[in-house]
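**Q** Quick one: this structure, given as structure tokens, is what I'll be asking you about.
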Amino acid sequence: MKHPLSLDDLMMAGIPVVAGLLAAFLLRMLLRWLGKHASRTRWSGDDFIVDALRTLVPWGAIAAGVSAAGAVLPLTAPVGRNVNKVLTVVLIFVATLTAARVITGLVRSLAQSRSGVAGSATIFVNITRVVVLAMGFLVMLQTLGISIAPLLTALGVGGLAVALALQDTLANLFAGVHILASKTVQPGDYIRLSSGEEGYVVDINWRNTTVRQLSNNLVIIPNGQLAGTNMTNFNRPEQQMTLIVQVGVGYDSDLEHVERVTTEVVTETMTEITGAVPDHEPAVRFHTFGDSRISFSVILGVGEFSDQYRIKHEFIKRLHKRYRDEGIRIPAPTRTVALQPGGAELLEAGIPHQRAATSGR
């Protein structure tokens, strides 16, 4: 020290410290007020910025007060430099955490507002956070006087060994980026793999893809496996889809009447059931003379994959009731077995001898 520490020195040093604490409190209250107003705007990015500043600005005020107190105290030059260096490192650390929070928040906001490359937030948020924290760590080392050149050299040499040791992890990482970049799958899509797994894509992170089944169970699929398997995406190229219901009527039915009644039921279902497509054009297509019936397909419009079960359920109930009211018969297949004369003797001898005929009666 330049001279012995006195009470006056402590009082003079305490003034900037108290001022810094008071300024930090007032600035935090001000930023909280700004945060309430930012939450009312349409852009969500200002929320992340104000929330991050609520951490950085008060710490900056406190560090400024402590730095001013250090300048007032009778410290030697080396001690003063060390104090300033520590305060600088603390500010860099807080600024790095703040920058990571702001940038990752903006990336997440962008991912939630756009489809395409930024369709999944987690994988890009994690990559962004790691890059920002690594840069801040290197800046702190440089500020402390630690040379980062040997560290970068060591990382370059050891990167090959790390890459070999983490082949599966890196393969899943790049597979996830490829899936998002190619727009093959996005969160919210309903997919079905050739192995049988199906459900809504919840998230695509740096290692795996999370799929939520209709039973509300989660299926975790490695990104490499997802990128290398046959897959059906029921949301691409559009979310709406068609549902085909097979129906059959008796040979004695008036097909014109059947088509008209079925079309009316389709229109009613498309208009009244949630998840259906109201502007869907009813389609009834006869296609097969069966053993006991004339079969035809009814094509319904569905808003998304999970709506098909409710729409099919309601359509079958309404169609069955309407057919019954209109007298349209839906035959049940029956099978008549007739034994030829002498069949009993053949059966006793262990020789099956019967003629099976299918009848609609």
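By convention in this document, the chains of the structure tokens carry letters A, B, ... by their order, each chain's residues are numbered from 1, and ligands are numbered from 1 in the order they are shown.
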If you count only C-alpha atoms, which residues fall within 7 Å of segment 257-263 of chain A, apart from same-chain ones fewer than 6 positions away, as a list of chain:residue names?

**A**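 The filter keeps A:Pro282, A:Val284, A:Leu319.
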
**Q** Once you count only C-alpha atoms, what closest atom pair and distance in Å to one decimal does each residue of segment 209-298 of chain A within 12 Å of segment 174-196 of chain A have, with rows by chain and rising residue number, as JSON lines?

**A**
```
{"residue": "A:Thr209", "atom": "CA", "partner": "A:Gly176", "partner_atom": "CA", "distance": 8.0}
{"residue": "A:Thr210", "atom": "CA", "partner": "A:Pro187", "partner_atom": "CA", "distance": 9.1}
{"residue": "A:Val211", "atom": "CA", "partner": "A:Ile191", "partner_atom": "CA", "distance": 8.5}
{"residue": "A:Arg212", "atom": "CA", "partner": "A:Tyr190", "partner_atom": "CA", "distance": 9.1}
{"residue": "A:Gln213", "atom": "CA", "partner": "A:Tyr190", "partner_atom": "CA", "distance": 9.2}
{"residue": "A:Leu214", "atom": "CA", "partner": "A:Tyr190", "partner_atom": "CA", "distance": 10.0}
{"residue": "A:Val219", "atom": "CA", "partner": "A:Gly196", "partner_atom": "CA", "distance": 11.3}
{"residue": "A:Ile221", "atom": "CA", "partner": "A:Leu193", "partner_atom": "CA", "distance": 10.2}
{"residue": "A:Pro222", "atom": "CA", "partner": "A:Gly176", "partner_atom": "CA", "distance": 8.8}
{"residue": "A:Asn223", "atom": "CA", "partner": "A:Gly176", "partner_atom": "CA", "distance": 5.4}
{"residue": "A:Gly224", "atom": "CA", "partner": "A:Ala175", "partner_atom": "CA", "distance": 5.4}
{"residue": "A:Gln225", "atom": "CA", "partner": "A:Ala175", "partner_atom": "CA", "distance": 8.7}
{"residue": "A:Leu226", "atom": "CA", "partner": "A:Leu193", "partner_atom": "CA", "distance": 8.0}
{"residue": "A:Ala227", "atom": "CA", "partner": "A:Ala175", "partner_atom": "CA", "distance": 6.3}
{"residue": "A:Gly228", "atom": "CA", "partner": "A:Ala175", "partner_atom": "CA", "distance": 9.0}
{"residue": "A:Thr229", "atom": "CA", "partner": "A:Ser194", "partner_atom": "CA", "distance": 6.8}
{"residue": "A:Asn230", "atom": "CA", "partner": "A:Ser194", "partner_atom": "CA", "distance": 5.4}
{"residue": "A:Met231", "atom": "CA", "partner": "A:Leu193", "partner_atom": "CA", "distance": 4.5}
{"residue": "A:Thr232", "atom": "CA", "partner": "A:Arg192", "partner_atom": "CA", "distance": 5.1}
{"residue": "A:Asn233", "atom": "CA", "partner": "A:Ile191", "partner_atom": "CA", "distance": 4.5}
{"residue": "A:Phe234", "atom": "CA", "partner": "A:Tyr190", "partner_atom": "CA", "distance": 5.5}
{"residue": "A:Asn235", "atom": "CA", "partner": "A:Asp189", "partner_atom": "CA", "distance": 5.4}
{"residue": "A:Arg236", "atom": "CA", "partner": "A:Asp189", "partner_atom": "CA", "distance": 8.1}
{"residue": "A:Pro237", "atom": "CA", "partner": "A:Thr184", "partner_atom": "CA", "distance": 9.9}
{"residue": "A:Glu238", "atom": "CA", "partner": "A:Asp189", "partner_atom": "CA", "distance": 10.2}
{"residue": "A:Gln239", "atom": "CA", "partner": "A:Asp189", "partner_atom": "CA", "distance": 8.4}
{"residue": "A:Gln240", "atom": "CA", "partner": "A:Tyr190", "partner_atom": "CA", "distance": 11.6}
{"residue": "A:Met241", "atom": "CA", "partner": "A:Tyr190", "partner_atom": "CA", "distance": 11.8}
```

**Q** Which residue gives the smallest distance to Ala68 of chain A among A:Ile299, A:Leu22, A:Leu243, A:Leu87, with only C-alpha atoms counted?

**A**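 Of the candidates, the smallest distance to Ala68 of chain A is held by A:Leu87.
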
**Q** Just want the 9 Å neighbourhood of segment 276-278 of chain A, counted on only C-alpha atoms, with same-chain residues fewer than 5 positions away dropped. Output as a list in words.

**A**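 That gives Gln240, Thr267, Thr269, Met270, Thr271, Leu300, Gly301, Val302, Gly303, Glu304, Asp307, Gln308 and Ile311 of chain A.
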